[in-house]
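Novice: Input model06.cif, format and content: mmCIF, C-alpha atoms.
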data_structure
#
loop_
_atom_site.group_PDB
_atom_site.id
_atom_site.type_symbol
_atom_site.label_atom_id
_atom_site.label_comp_id
_atom_site.auth_asym_id
_atom_site.auth_seq_id
_atom_site.Cartn_x
_atom_site.Cartn_y
_atom_site.Cartn_z
ATOM 1 C CA MET H 1 72.110 -35.548 -22.810
ATOM 2 C CA ALA H 2 72.199 -36.438 -19.130
ATOM 3 C CA VAL H 3 73.108 -39.977 -18.102
ATOM 4 C CA ALA H 4 72.159 -41.910 -14.982
ATOM 5 C CA ALA H 5 74.673 -41.463 -12.154
ATOM 6 C CA PHE H 6 77.312 -44.192 -11.934
ATOM 7 C CA SER H 7 75.801 -46.134 -14.838
ATOM 8 C CA PRO H 8 77.729 -47.704 -17.755
ATOM 9 C CA GLU H 9 76.702 -44.674 -19.850
ATOM 10 C CA TRP H 10 78.116 -42.355 -17.208
ATOM 11 C CA ALA H 11 81.352 -44.371 -17.181
ATOM 12 C CA GLN H 12 81.681 -43.997 -20.962
ATOM 13 C CA ALA H 13 81.010 -40.246 -20.798
ATOM 14 C CA PHE H 14 83.526 -39.872 -17.962
ATOM 15 C CA LYS H 15 86.125 -41.790 -19.951
ATOM 16 C CA ASP H 16 85.513 -39.565 -22.988
ATOM 17 C CA GLU H 17 85.933 -36.429 -20.868
ATOM 18 C CA ILE H 18 89.235 -37.665 -19.474
ATOM 19 C CA ASN H 19 90.545 -38.583 -22.908
ATOM 20 C CA ASN H 20 89.473 -35.181 -24.267
ATOM 21 C CA SER H 21 91.379 -33.355 -21.521
ATOM 22 C CA PRO H 22 94.782 -32.018 -22.575
ATOM 23 C CA VAL H 23 95.422 -31.143 -18.927
ATOM 24 C CA TYR H 24 94.937 -34.736 -17.809
ATOM 25 C CA ARG H 25 97.019 -36.057 -20.684
ATOM 26 C CA VAL H 26 100.005 -34.122 -19.301
ATOM 27 C CA ALA H 27 99.296 -34.420 -15.570
ATOM 28 C CA GLY H 28 98.651 -38.158 -15.815
ATOM 29 C CA GLN H 29 101.957 -38.970 -17.498
ATOM 30 C CA GLY H 30 103.685 -41.688 -15.498
ATOM 31 C CA TRP H 31 100.484 -42.937 -13.855
ATOM 32 C CA LYS H 32 100.064 -46.663 -14.507
ATOM 33 C CA TRP H 33 97.808 -47.977 -11.757
ATOM 34 C CA THR H 34 94.142 -48.860 -11.499
ATOM 35 C CA VAL H 35 91.847 -46.689 -9.431
ATOM 36 C CA GLY H 36 88.627 -47.894 -7.846
ATOM 37 C CA LEU H 37 85.863 -45.609 -6.689
ATOM 38 C CA VAL H 38 83.466 -47.200 -4.233
ATOM 39 C CA VAL H 39 80.097 -45.452 -4.164
ATOM 40 C CA GLU H 40 78.362 -46.558 -0.988
ATOM 41 C CA ALA H 41 74.631 -47.157 -1.022
ATOM 42 C CA GLU H 42 72.194 -44.674 0.453
ATOM 43 C CA PRO H 43 68.725 -46.210 0.095
ATOM 44 C CA ASP H 44 67.065 -43.122 1.527
ATOM 45 C CA ARG H 45 68.488 -41.191 -1.433
ATOM 46 C CA ASN H 46 67.231 -43.688 -3.972
ATOM 47 C CA PHE H 47 70.688 -45.224 -4.374
ATOM 48 C CA PRO H 48 69.962 -48.651 -2.890
ATOM 49 C CA GLU H 49 73.091 -50.648 -3.783
ATOM 50 C CA SER H 50 76.775 -49.820 -3.571
ATOM 51 C CA ARG H 51 78.637 -49.670 -6.864
ATOM 52 C CA GLY H 52 82.241 -49.794 -7.890
ATOM 53 C CA VAL H 53 83.881 -47.772 -10.624
ATOM 54 C CA VAL H 54 87.031 -49.384 -11.983
ATOM 55 C CA MET H 55 89.347 -47.008 -13.821
ATOM 56 C CA ASP H 56 92.215 -48.300 -15.902
ATOM 57 C CA LEU H 57 94.377 -45.204 -16.256
ATOM 58 C CA HIS H 58 97.681 -45.330 -18.040
ATOM 59 C CA GLU H 59 100.135 -42.586 -18.995
ATOM 60 C CA GLY H 60 97.564 -39.804 -19.246
ATOM 61 C CA GLU H 61 94.902 -41.928 -20.911
ATOM 62 C CA ALA H 62 91.760 -43.622 -19.623
ATOM 63 C CA ARG H 63 92.005 -47.050 -21.240
ATOM 64 C CA ASP H 64 88.811 -48.301 -19.644
ATOM 65 C CA ILE H 65 86.260 -47.167 -17.093
ATOM 66 C CA ARG H 66 83.488 -49.496 -16.076
ATOM 67 C CA VAL H 67 80.855 -49.772 -13.395
ATOM 68 C CA GLY H 68 80.362 -52.988 -11.469
ATOM 69 C CA PRO H 69 80.176 -54.406 -7.981
ATOM 70 C CA PRO H 70 82.101 -52.595 -5.230
ATOM 71 C CA GLU H 71 84.381 -55.605 -4.809
ATOM 72 C CA ASP H 72 85.866 -54.946 -8.247
ATOM 73 C CA ALA H 73 86.764 -51.395 -7.248
ATOM 74 C CA GLN H 74 88.174 -52.551 -3.913
ATOM 75 C CA ALA H 75 90.627 -54.784 -5.772
ATOM 76 C CA CYS H 76 92.259 -51.823 -7.545
ATOM 77 C CA ASP H 77 95.709 -50.446 -6.706
ATOM 78 C CA PHE H 78 94.145 -47.290 -5.275
ATOM 79 C CA VAL H 79 90.669 -47.181 -3.768
ATOM 80 C CA ILE H 80 88.663 -44.109 -2.819
ATOM 81 C CA THR H 81 85.493 -44.763 -0.861
ATOM 82 C CA GLY H 82 82.615 -42.438 -0.112
ATOM 83 C CA THR H 83 78.878 -42.383 0.192
ATOM 84 C CA TYR H 84 76.640 -41.603 -2.773
ATOM 85 C CA THR H 85 76.079 -38.118 -1.340
ATOM 86 C CA ARG H 86 79.818 -37.412 -1.086
ATOM 87 C CA TRP H 87 80.464 -38.467 -4.662
ATOM 88 C CA LYS H 88 77.529 -36.389 -5.832
ATOM 89 C CA GLN H 89 79.047 -33.422 -3.987
ATOM 90 C CA VAL H 90 82.356 -34.031 -5.771
ATOM 91 C CA ALA H 91 80.680 -34.271 -9.173
ATOM 92 C CA THR H 92 78.696 -31.090 -8.577
ATOM 93 C CA LYS H 93 81.723 -29.149 -7.273
ATOM 94 C CA GLU H 94 80.304 -28.847 -3.766
ATOM 95 C CA LEU H 95 83.212 -30.871 -2.378
ATOM 96 C CA ASP H 96 86.792 -30.751 -3.545
ATOM 97 C CA ALA H 97 88.184 -34.282 -3.591
ATOM 98 C CA THR H 98 91.470 -33.255 -1.930
ATOM 99 C CA ARG H 99 89.673 -31.463 0.881
ATOM 100 C CA GLY H 100 87.294 -34.400 1.146
ATOM 101 C CA MET H 101 90.206 -36.757 1.719
ATOM 102 C CA LEU H 102 91.868 -34.457 4.255
ATOM 103 C CA GLN H 103 88.565 -34.236 6.126
ATOM 104 C CA GLY H 104 87.924 -37.974 5.987
ATOM 105 C CA LYS H 105 84.782 -37.549 3.903
ATOM 106 C CA LEU H 106 86.447 -39.676 1.248
ATOM 107 C CA LYS H 107 88.691 -42.512 2.360
ATOM 108 C CA LEU H 108 91.791 -43.384 0.425
ATOM 109 C CA LYS H 109 93.596 -46.703 0.311
ATOM 110 C CA GLY H 110 96.887 -46.908 -1.522
ATOM 111 C CA ASP H 111 100.395 -45.553 -1.596
ATOM 112 C CA LEU H 112 100.093 -41.982 -0.311
ATOM 113 C CA PRO H 113 103.247 -40.499 -1.857
ATOM 114 C CA THR H 114 102.098 -41.641 -5.279
ATOM 115 C CA VAL H 115 98.673 -40.076 -4.829
ATOM 116 C CA VAL H 116 100.144 -36.805 -3.605
ATOM 117 C CA ARG H 117 102.576 -36.787 -6.543
ATOM 118 C CA TYR H 118 99.601 -36.866 -8.925
ATOM 119 C CA THR H 119 97.430 -34.260 -7.190
ATOM 120 C CA LYS H 120 97.038 -32.251 -10.389
ATOM 121 C CA ALA H 121 95.892 -35.305 -12.310
ATOM 122 C CA SER H 122 93.304 -36.185 -9.675
ATOM 123 C CA GLN H 123 92.065 -32.609 -9.620
ATOM 124 C CA GLU H 124 91.611 -32.671 -13.375
ATOM 125 C CA MET H 125 89.805 -36.000 -13.157
ATOM 126 C CA THR H 126 87.414 -34.387 -10.716
ATOM 127 C CA GLU H 127 86.928 -31.559 -13.205
ATOM 128 C CA CYS H 128 86.098 -34.170 -15.847
ATOM 129 C CA THR H 129 83.340 -35.651 -13.689
ATOM 130 C CA THR H 130 81.782 -32.221 -13.297
ATOM 131 C CA ARG H 131 81.538 -31.903 -17.090
ATOM 132 C CA VAL H 132 79.346 -35.017 -17.423
ATOM 133 C CA PRO H 133 75.634 -34.102 -17.296
ATOM 134 C CA VAL H 134 74.086 -36.444 -14.739
ATOM 135 C CA GLU H 135 70.601 -37.526 -13.701
ATOM 136 C CA TRP H 136 70.779 -37.999 -9.958
ATOM 137 C CA PRO H 137 68.524 -40.716 -8.526
ATOM 138 C CA ASP H 138 67.591 -38.632 -5.501
ATOM 139 C CA GLU H 139 66.359 -35.856 -7.789
ATOM 140 C CA THR H 140 64.132 -37.941 -10.045
ATOM 141 C CA MET P 1 91.994 -42.363 5.126
ATOM 142 C CA HIS P 2 95.390 -43.922 4.798
ATOM 143 C CA ASP P 3 95.905 -46.938 7.061
ATOM 144 C CA PRO P 4 97.902 -45.472 9.948
ATOM 145 C CA GLY P 5 99.517 -48.767 10.829
ATOM 146 C CA ALA P 6 99.481 -51.187 13.690
ATOM 147 C CA ARG P 7 97.249 -50.550 16.703
ATOM 148 C CA GLY P 8 98.995 -50.089 19.991
ATOM 149 C CA VAL P 9 97.912 -50.245 23.590
ATOM 150 C CA ALA P 10 96.028 -47.670 25.637
ATOM 151 C CA GLY P 11 94.219 -46.297 22.594
ATOM 152 C CA ARG P 12 97.350 -45.136 20.857
ATOM 153 C CA ASP P 13 98.296 -46.088 17.350
ATOM 154 C CA VAL P 14 101.875 -47.241 17.230
ATOM 155 C CA SER P 15 104.100 -48.163 14.337
ATOM 156 C CA THR P 16 107.853 -48.332 14.408
ATOM 157 C CA THR P 17 108.114 -44.824 13.009
ATOM 158 C CA VAL P 18 104.851 -42.973 13.506
ATOM 159 C CA GLU P 19 102.599 -42.859 16.530
ATOM 160 C CA TYR P 20 99.127 -41.352 16.624
ATOM 161 C CA ALA P 21 98.529 -39.762 20.028
ATOM 162 C CA ASP P 22 94.778 -39.709 19.456
ATOM 163 C CA GLY P 23 94.631 -43.382 18.474
ATOM 164 C CA ASP P 24 91.434 -44.261 16.648
ATOM 165 C CA ASP P 25 90.362 -40.635 16.881
ATOM 166 C CA ALA P 26 93.309 -39.430 14.800
ATOM 167 C CA SER P 27 91.872 -37.114 12.172
ATOM 168 C CA ALA P 28 92.043 -37.922 8.480
ATOM 169 C CA PHE P 29 94.519 -35.081 8.076
ATOM 170 C CA ALA P 30 96.685 -36.461 10.899
ATOM 171 C CA GLN P 31 96.658 -39.885 9.277
ATOM 172 C CA MET P 32 97.533 -38.406 5.923
ATOM 173 C CA LEU P 33 100.573 -36.491 7.195
ATOM 174 C CA GLY P 34 101.710 -39.385 9.363
ATOM 175 C CA GLY P 35 101.180 -41.836 6.525
ATOM 176 C CA LEU P 36 103.145 -39.672 4.149
ATOM 177 C CA VAL P 37 106.143 -39.477 6.476
ATOM 178 C CA GLU P 38 105.977 -43.196 7.215
ATOM 179 C CA ALA P 39 105.827 -44.138 3.534
ATOM 180 C CA ASN P 40 108.636 -41.760 2.613
ATOM 181 C CA VAL P 41 110.902 -42.862 5.444
ATOM 182 C CA SER P 42 110.377 -46.551 4.757
ATOM 183 C CA SER P 43 111.270 -46.214 1.098
ATOM 184 C CA ARG P 44 114.012 -43.574 1.118
ATOM 185 C CA PRO P 45 117.120 -43.922 3.336
ATOM 186 C CA GLU P 46 117.934 -40.210 3.104
ATOM 187 C CA LYS P 47 114.530 -39.389 4.569
ATOM 188 C CA ARG P 48 115.132 -41.852 7.387
ATOM 189 C CA ARG P 49 118.293 -39.900 8.190
ATOM 190 C CA ASP P 50 116.304 -36.667 8.246
ATOM 191 C CA LEU P 51 113.791 -38.189 10.630
ATOM 192 C CA ASP P 52 116.574 -39.525 12.848
ATOM 193 C CA ASN P 53 118.122 -36.054 13.078
ATOM 194 C CA LEU P 54 114.974 -34.011 13.521
ATOM 195 C CA LYS P 55 113.776 -32.829 16.911
ATOM 196 C CA ALA P 56 111.068 -30.226 16.612
ATOM 197 C CA ARG P 57 107.376 -29.554 17.125
ATOM 198 C CA VAL P 58 105.729 -28.526 13.862
ATOM 199 C CA GLY P 59 102.127 -27.440 13.348
ATOM 200 C CA PHE P 60 100.040 -27.544 10.181
ATOM 201 C CA PHE P 61 96.805 -25.620 9.847
ATOM 202 C CA VAL P 62 94.705 -26.067 6.715
ATOM 203 C CA THR P 63 92.966 -22.744 6.415
ATOM 204 C CA ASP P 64 90.080 -23.681 4.115
ATOM 205 C CA ILE P 65 88.890 -26.723 6.057
ATOM 206 C CA GLY P 66 89.917 -25.722 9.577
ATOM 207 C CA GLU P 67 91.915 -28.916 10.182
ATOM 208 C CA ALA P 68 95.088 -28.786 12.264
ATOM 209 C CA VAL P 69 97.771 -31.243 13.250
ATOM 210 C CA THR P 70 100.883 -31.073 15.414
ATOM 211 C CA LEU P 71 103.871 -33.217 14.553
ATOM 212 C CA ASP P 72 106.367 -33.995 17.280
ATOM 213 C CA PHE P 73 109.590 -35.131 15.662
ATOM 214 C CA GLU P 74 111.526 -36.928 18.369
ATOM 215 C CA GLY P 75 114.692 -38.055 16.600
ATOM 216 C CA GLY P 76 113.681 -41.145 14.639
ATOM 217 C CA HIS P 77 110.125 -41.195 15.909
ATOM 218 C CA LEU P 78 107.121 -39.061 15.015
ATOM 219 C CA VAL P 79 104.110 -38.462 17.232
ATOM 220 C CA VAL P 80 101.100 -37.029 15.409
ATOM 221 C CA ARG P 81 98.490 -35.133 17.412
ATOM 222 C CA ASN P 82 95.164 -33.651 16.357
ATOM 223 C CA GLY P 83 94.976 -29.860 16.593
ATOM 224 C CA LEU P 84 97.600 -27.236 17.222
ATOM 225 C CA GLN P 85 99.475 -27.935 20.461
ATOM 226 C CA PRO P 86 101.437 -25.243 22.318
ATOM 227 C CA GLY P 87 105.197 -24.854 22.089
ATOM 228 C CA ARG P 88 105.546 -25.254 18.342
ATOM 229 C CA ASP P 89 108.846 -24.386 16.699
ATOM 230 C CA VAL P 90 107.306 -23.905 13.263
ATOM 231 C CA THR P 91 103.678 -23.543 12.155
ATOM 232 C CA ILE P 92 102.603 -23.763 8.537
ATOM 233 C CA ARG P 93 99.259 -22.240 7.572
ATOM 234 C CA ALA P 94 97.944 -22.804 4.064
ATOM 235 C CA ASP P 95 94.936 -24.063 2.132
ATOM 236 C CA ALA P 96 94.600 -27.738 1.228
ATOM 237 C CA ASP P 97 95.909 -27.337 -2.302
ATOM 238 C CA THR P 98 99.028 -25.579 -1.051
ATOM 239 C CA VAL P 99 99.688 -28.232 1.581
ATOM 240 C CA MET P 100 99.609 -30.838 -1.188
ATOM 241 C CA GLN P 101 101.796 -28.615 -3.322
ATOM 242 C CA LEU P 102 104.382 -28.359 -0.541
ATOM 243 C CA SER P 103 104.775 -32.117 -0.772
ATOM 244 C CA ASN P 104 105.600 -31.752 -4.441
ATOM 245 C CA VAL P 105 108.534 -29.400 -3.917
ATOM 246 C CA ARG P 106 111.583 -31.034 -5.426
ATOM 247 C CA ILE P 107 114.738 -31.519 -3.436
ATOM 248 C CA GLY P 108 117.733 -30.157 -5.246
ATOM 249 C CA PHE P 109 121.425 -29.555 -4.728
ATOM 250 C CA ALA P 110 122.786 -30.371 -1.257
ATOM 251 C CA GLY P 111 119.360 -31.497 -0.113
ATOM 252 C CA MET P 112 117.889 -28.018 -0.390
ATOM 253 C CA PRO P 113 114.273 -27.591 -1.512
ATOM 254 C CA ASN P 114 114.167 -26.295 -5.079
ATOM 255 C CA TYR P 115 112.157 -23.080 -5.175
ATOM 256 C CA LEU P 116 113.280 -22.235 -8.701
ATOM 257 C CA ASP P 117 111.284 -24.736 -10.754
ATOM 258 C CA ALA P 118 107.586 -24.326 -11.562
ATOM 259 C CA THR P 119 106.271 -25.929 -8.365
ATOM 260 C CA GLY P 120 108.810 -24.125 -6.192
ATOM 261 C CA ARG P 121 107.994 -20.765 -7.777
ATOM 262 C CA GLU P 122 104.271 -21.325 -7.174
ATOM 263 C CA VAL P 123 105.002 -22.024 -3.508
ATOM 264 C CA VAL P 124 107.100 -18.869 -3.198
ATOM 265 C CA ALA P 125 104.376 -16.838 -4.929
ATOM 266 C CA LYS P 126 101.829 -18.116 -2.425
ATOM 267 C CA MET P 127 104.120 -17.083 0.426
ATOM 268 C CA LEU P 128 104.440 -13.601 -1.031
ATOM 269 C CA LYS P 129 100.654 -13.355 -1.391
ATOM 270 C CA GLY P 130 100.119 -14.504 2.178
ATOM 271 C CA GLN P 131 98.346 -17.706 1.069
ATOM 272 C CA LEU P 132 101.135 -19.693 2.710
ATOM 273 C CA ARG P 133 102.319 -18.479 6.079
ATOM 274 C CA ILE P 134 105.182 -19.990 8.008
ATOM 275 C CA GLU P 135 105.492 -18.917 11.615
ATOM 276 C CA GLY P 136 108.808 -19.465 13.366
ATOM 277 C CA LEU P 137 110.807 -19.446 10.161
ATOM 278 C CA VAL P 138 113.531 -17.237 11.607
ATOM 279 C CA GLY P 139 115.932 -19.495 13.467
ATOM 280 C CA ASN P 140 114.294 -22.673 12.213
ATOM 281 C CA LEU P 141 115.259 -22.724 8.542
ATOM 282 C CA THR P 142 117.131 -25.996 8.929
ATOM 283 C CA THR P 143 114.092 -27.555 10.591
ATOM 284 C CA LEU P 144 111.851 -26.331 7.789
ATOM 285 C CA ASN P 145 114.177 -27.765 5.165
ATOM 286 C CA GLN P 146 114.242 -31.114 6.968
ATOM 287 C CA VAL P 147 110.446 -31.159 7.223
ATOM 288 C CA THR P 148 110.128 -30.236 3.546
ATOM 289 C CA ARG P 149 112.463 -33.089 2.610
ATOM 290 C CA LEU P 150 110.512 -35.524 4.785
ATOM 291 C CA PHE P 151 107.235 -34.631 3.098
ATOM 292 C CA SER P 152 108.519 -34.307 -0.441
ATOM 293 C CA VAL P 153 107.217 -36.958 -2.802
ATOM 294 C CA ALA P 154 108.744 -35.391 -5.909
ATOM 295 C CA GLU P 155 111.152 -37.654 -7.749
#
Would you write the structure of this file as structure tokens?
Specialist:
Amino acid sequence: MAVAAFSPEWAQAFKDEINNSPVYRVAGQGWKWTVGLVVEAEPDRNFPESRGVVMDLHEGEARDIRVGPPEDAQACDFVITGTYTRWKQVATKELDATRGMLQGKLKLKGDLPTVVRYTKASQEMTECTTRVPVEWPDET
Amino acid sequence: MHDPGARGVAGRDVSTTVEYADGDDASAFAQMLGGLVEANVSSRPEKRRDLDNLKARVGFFVTDIGEAVTLDFEGGHLVVRNGLQPGRDVTIRADADTVMQLSNVRIGFAGMPNYLDATGREVVAKMLKGQLRIEGLVGNLTTLNQVTRLFSVAE
């Protein structure tokens, strides 16, 4: 069943996908930092307020993923910021997150060597988002 | 993208180690490569030595997104420029995934990149398939090894 984009239900489904991924379990070994995703508002796409996704990832496991205000996400160890449209493109496989960062479509804050070291883990996390059926507010 | 560091005068971004010739207009890719070198050099003394000893102009072209950067290593100082500038000693052409993979090549015995483990073998396979092309390799192997060490984040 599809869940509303960037809702608490979406966060739970995303967490379940990560924890069901044997690829992430291996690729995420050693990772012990929080990751915040800032989804910037786009009122003209029926996404009127920015949201923050706070991901507590530890040693190949998603211990908690929750949706809240963007400030919560901005306080994480690593922060990736993009507009609603960019994140939708990532979740629908239109935009690869790595390419998005290299092109400046997604902005990264945090220790670069660490992020690069865990490229495979981040790619698998992106794969996990694509496996969550989503109701997009600009399509309803 | 990654915070490129302190802002300098005349529109140029200046840090002690890395300078962005295009200032605020430095591309995300430029900031990523510059940021990677800066972070590595500041945390690893052996990489600082590599930067101090390296004098070369190196180009990167990311084939699947059309982004290019030129890195001028000036012996302890790096100037990052958008686009491919003329007079390059070495030019690396690869897709985005491969560029990231290059940074995960481990450094092995005597400071040589390890092309025998899983990541190294994948990089070699991409070279053989033409997915990773290195122009100027002949005569610049030492430079390439130094650049690989500078970018390597593998522990």
Novice: What residues come out when you apply the PyMOL selection byres ((chain P) within 12 of (chain H)) to this file, written as an MDAnalysis selection string?
Specialist: chainID P and resid 1:4 25:44 61:69 95:106 119 150:155
Novice: Considering all atoms listed in the file, can you say which of P:Gly75, P:Gly120, P:Gly111, P:Gly136 comes closest to Arg149 of chain P?
Specialist: P:Gly111
Novice: For the point (117.3, -41.7, 12.1) in file coordinates, what residues are within 12 Å, counting only C-alpha atoms? Give the answer as a VMD selection string?
Specialist: chain P and resid 16 to 17 41 to 42 44 to 55 73 to 78 150
Novice: Which residue, H:Glu40, H:Val90, H:Val54, H:Arg45, has the smallest gap to Thr140 of chain H when you use only C-alpha atoms?
Specialist: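 Counting only C-alpha atoms, the residue closest to Thr140 of chain H is H:Arg45.
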Novice: With all atoms listed in the file as the counted atoms, please give the residues lying no more than 7 Å from Asn19 of chain H, apart from itself and same-chain residues fewer than 3 positions off, as a VMD selection string.
Specialist: chain H and resid 15 to 16 61 to 62
Novice: Limited to C-alpha atoms, could you put the picked residues into a file as a PDB file, in the frame of the given file?
Specialist:
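After the write, selection_0.pdb holds the following:
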ATOM      1  CA  LYS H  15      86.125 -41.790 -19.951  1.00  0.00           C
ATOM      2  CA  ASP H  16      85.513 -39.565 -22.988  1.00  0.00           C
ATOM      3  CA  GLU H  61      94.902 -41.928 -20.911  1.00  0.00           C
ATOM      4  CA  ALA H  62      91.760 -43.622 -19.623  1.00  0.00           C
TER       5      ALA H  62
END
Novice: Identify which of the residues H:Ala75, H:Ala97, H:Val134, H:Leu57 lies closest to Arg25 of chain H, counting all atoms listed in the file when measuring atom-to-atom distances.
Specialist: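 Once distances to Arg25 of chain H are computed over all atoms listed in the file, the minimum belongs to H:Leu57.
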